[in-house]
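J.: First the structure, then my questions, so here it is.
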Amino acid sequence: MRWIRALDRDHRVTVVPYQKPGVPVCVGLSVEQCEQAVWAIEPGEALGRPWRRYRGAAAINASLAVALGVRLPLVIYGLPGAGWLQDRLYDLVAANRHRLPGDVPYCNARPEECG
């Protein structure tokens, strides 16, 4: 999620690794759900509504929308066929993420926080 931080000049998005103890349960997710896909959580209590959760491609679009300060990524995701196509592409990448370069896993980089 380094790219979200780079795009988020106004620091609107908080990136939290699911491996950090207590993170999945505090947003109502299981570790298994977090292992399968990326999630974006939009807190809602300040707006008087429940939290909104986005999974996979929708989470990426929601994060981009917040980071950039525009709704365009979510609008595009909502177009007929666009969300379906993005979801299929996300599933393909997620199924092969072990083959892609990336960051050091959170618990490997911070073993003291993972026990």
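As shown in the structure tokens, the chain order sets the letters A, B, ...; within each chain, residues go from 1, and ligands are also counted from 1 in the order they appear.
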Could you list, as an NGL selection string, every residue within 9 Å of A:Arg53, counting only C-alpha atoms and ignoring same-chain residues fewer than 4 positions away?
T.: :A and (27 or 39-43 or 59)
J.: List every residue of stretch 36-87 of chain A that has an atom at most 7 Å from any atom of stretch 9-21 of chain A, giving for each one its closest atom pair and the distance in Å to one decimal, counting only C-alpha atoms, sorted by chain and then by ascending residue number, as CSV.
T.:
residue,atom,partner,partner_atom,distance
A:Ser63,CA,A:Val13,CA,6.9
A:Val66,CA,A:Arg12,CA,6.5
A:Ala67,CA,A:Arg12,CA,5.9
J.: Give me, as a list in words, all polymer residues having an atom no more than 9 Å from A:Leu74, counting only C-alpha atoms and skipping those fewer than 6 positions away in the same chain.
T.: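 Selected residues are Ala58, Asn61, Ala62, Leu64 and Ala65 of chain A.
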J.: Dump as a Markdown table the rows for residues of stretch 11-58 of chain A within 12 Å of stretch 82-93 of chain A: closest atom pair and distance in Å with one decimal, only C-alpha atoms counted, ordered by chain and rising residue number.
T.:
| residue | atom | partner | partner_atom | distance |
| --- | --- | --- | --- | --- |
| A:Gln36 | CA | A:Asp91 | CA | 9.3 |
| A:Ala37 | CA | A:Asp91 | CA | 8.5 |
| A:Val38 | CA | A:Tyr90 | CA | 9.7 |
| A:Tyr54 | CA | A:Asp87 | CA | 11.8 |
| A:Arg55 | CA | A:Asp87 | CA | 9.4 |
| A:Gly56 | CA | A:Tyr90 | CA | 6.4 |
| A:Ala57 | CA | A:Asp87 | CA | 5.4 |
| A:Ala58 | CA | A:Gly83 | CA | 7.6 |
J.: Any chance you could list, as a PyMOL selection string, the residues in chain A that come up helix (DSSP H, G or I) when DSSP is run on the backbone?
T.: chain A and resi 2-7+23-26+31-36+45-47+57-68+72-78+82-95+97-99+106-109+111-114
J.: Go ahead and save the picked residues with C-alpha atoms, as a compact mmCIF listing (two decimals), in the first residue's frame.
T.:
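Below you can see out_1.txt, which holds the result:
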# COMPACT_ATOMS: atom_id res chain seq x y z
CA ARG A 2 3.04 2.20 -0.39
CA TRP A 3 1.47 3.69 -3.54
CA ILE A 4 -1.59 4.88 -1.60
CA ARG A 5 0.66 6.70 0.85
CA ALA A 6 2.50 8.30 -2.08
CA LEU A 7 -0.77 9.51 -3.65
CA VAL A 23 -6.84 -5.18 13.78
CA PRO A 24 -9.23 -7.61 12.02
CA VAL A 25 -11.57 -7.99 14.98
CA CYS A 26 -11.79 -4.23 15.62
CA VAL A 31 -8.01 -13.08 9.76
CA GLU A 32 -9.12 -15.41 6.95
CA GLN A 33 -11.07 -12.61 5.25
CA CYS A 34 -8.02 -10.35 5.51
CA GLU A 35 -5.73 -13.02 4.08
CA GLN A 36 -7.97 -13.40 1.04
CA GLU A 45 -20.24 6.78 13.31
CA ALA A 46 -19.15 10.40 12.77
CA LEU A 47 -21.66 10.46 9.91
CA ALA A 57 -11.06 -4.03 -6.25
CA ALA A 58 -13.76 -1.95 -4.55
CA ALA A 59 -11.35 -1.35 -1.63
CA ILE A 60 -8.64 -0.17 -4.01
CA ASN A 61 -11.08 2.19 -5.71
CA ALA A 62 -12.36 3.51 -2.37
CA SER A 63 -8.80 4.08 -1.14
CA LEU A 64 -7.87 5.88 -4.35
CA ALA A 65 -10.96 8.05 -4.14
CA VAL A 66 -10.13 9.13 -0.60
CA ALA A 67 -6.39 9.56 -1.27
CA LEU A 68 -7.00 11.69 -4.35
CA LEU A 72 -14.01 9.24 -9.85
CA PRO A 73 -12.48 5.81 -9.03
CA LEU A 74 -15.73 4.71 -7.32
CA VAL A 75 -17.84 6.17 -10.13
CA ILE A 76 -15.82 4.20 -12.70
CA TYR A 77 -16.06 1.05 -10.55
CA GLY A 78 -19.85 1.50 -10.51
CA ALA A 82 -16.32 -2.04 -14.98
CA GLY A 83 -16.67 -3.36 -11.43
CA TRP A 84 -17.02 -6.92 -12.69
CA LEU A 85 -13.87 -6.59 -14.82
CA GLN A 86 -11.89 -4.99 -11.99
CA ASP A 87 -13.03 -7.72 -9.59
CA ARG A 88 -11.82 -10.44 -12.00
CA LEU A 89 -8.48 -8.70 -12.46
CA TYR A 90 -8.14 -8.28 -8.68
CA ASP A 91 -8.87 -11.98 -8.15
CA LEU A 92 -6.19 -12.90 -10.71
CA VAL A 93 -3.58 -10.68 -9.03
CA ALA A 94 -4.56 -11.85 -5.54
CA ALA A 95 -4.25 -15.50 -6.55
CA ARG A 97 0.48 -12.22 -5.27
CA HIS A 98 3.09 -14.64 -3.92
CA ARG A 99 4.84 -14.30 -7.30
CA TYR A 106 4.55 -7.04 8.50
CA CYS A 107 5.36 -9.68 11.11
CA ASN A 108 8.78 -10.37 9.57
CA ALA A 109 9.63 -6.68 9.73
CA PRO A 111 8.29 -9.47 15.14
CA GLU A 112 8.00 -7.70 18.48
CA GLU A 113 4.50 -6.50 17.54
CA CYS A 114 3.29 -9.93 16.43
J.: Just list as a list in words whatever in stretch 43-97 of chain A DSSP marks as strand (DSSP E or B).
T.: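 Selecting the strand (DSSP E or B) positions of stretch 43-97 of chain A gives Arg52, Arg53, Tyr54 and Arg55 of chain A.
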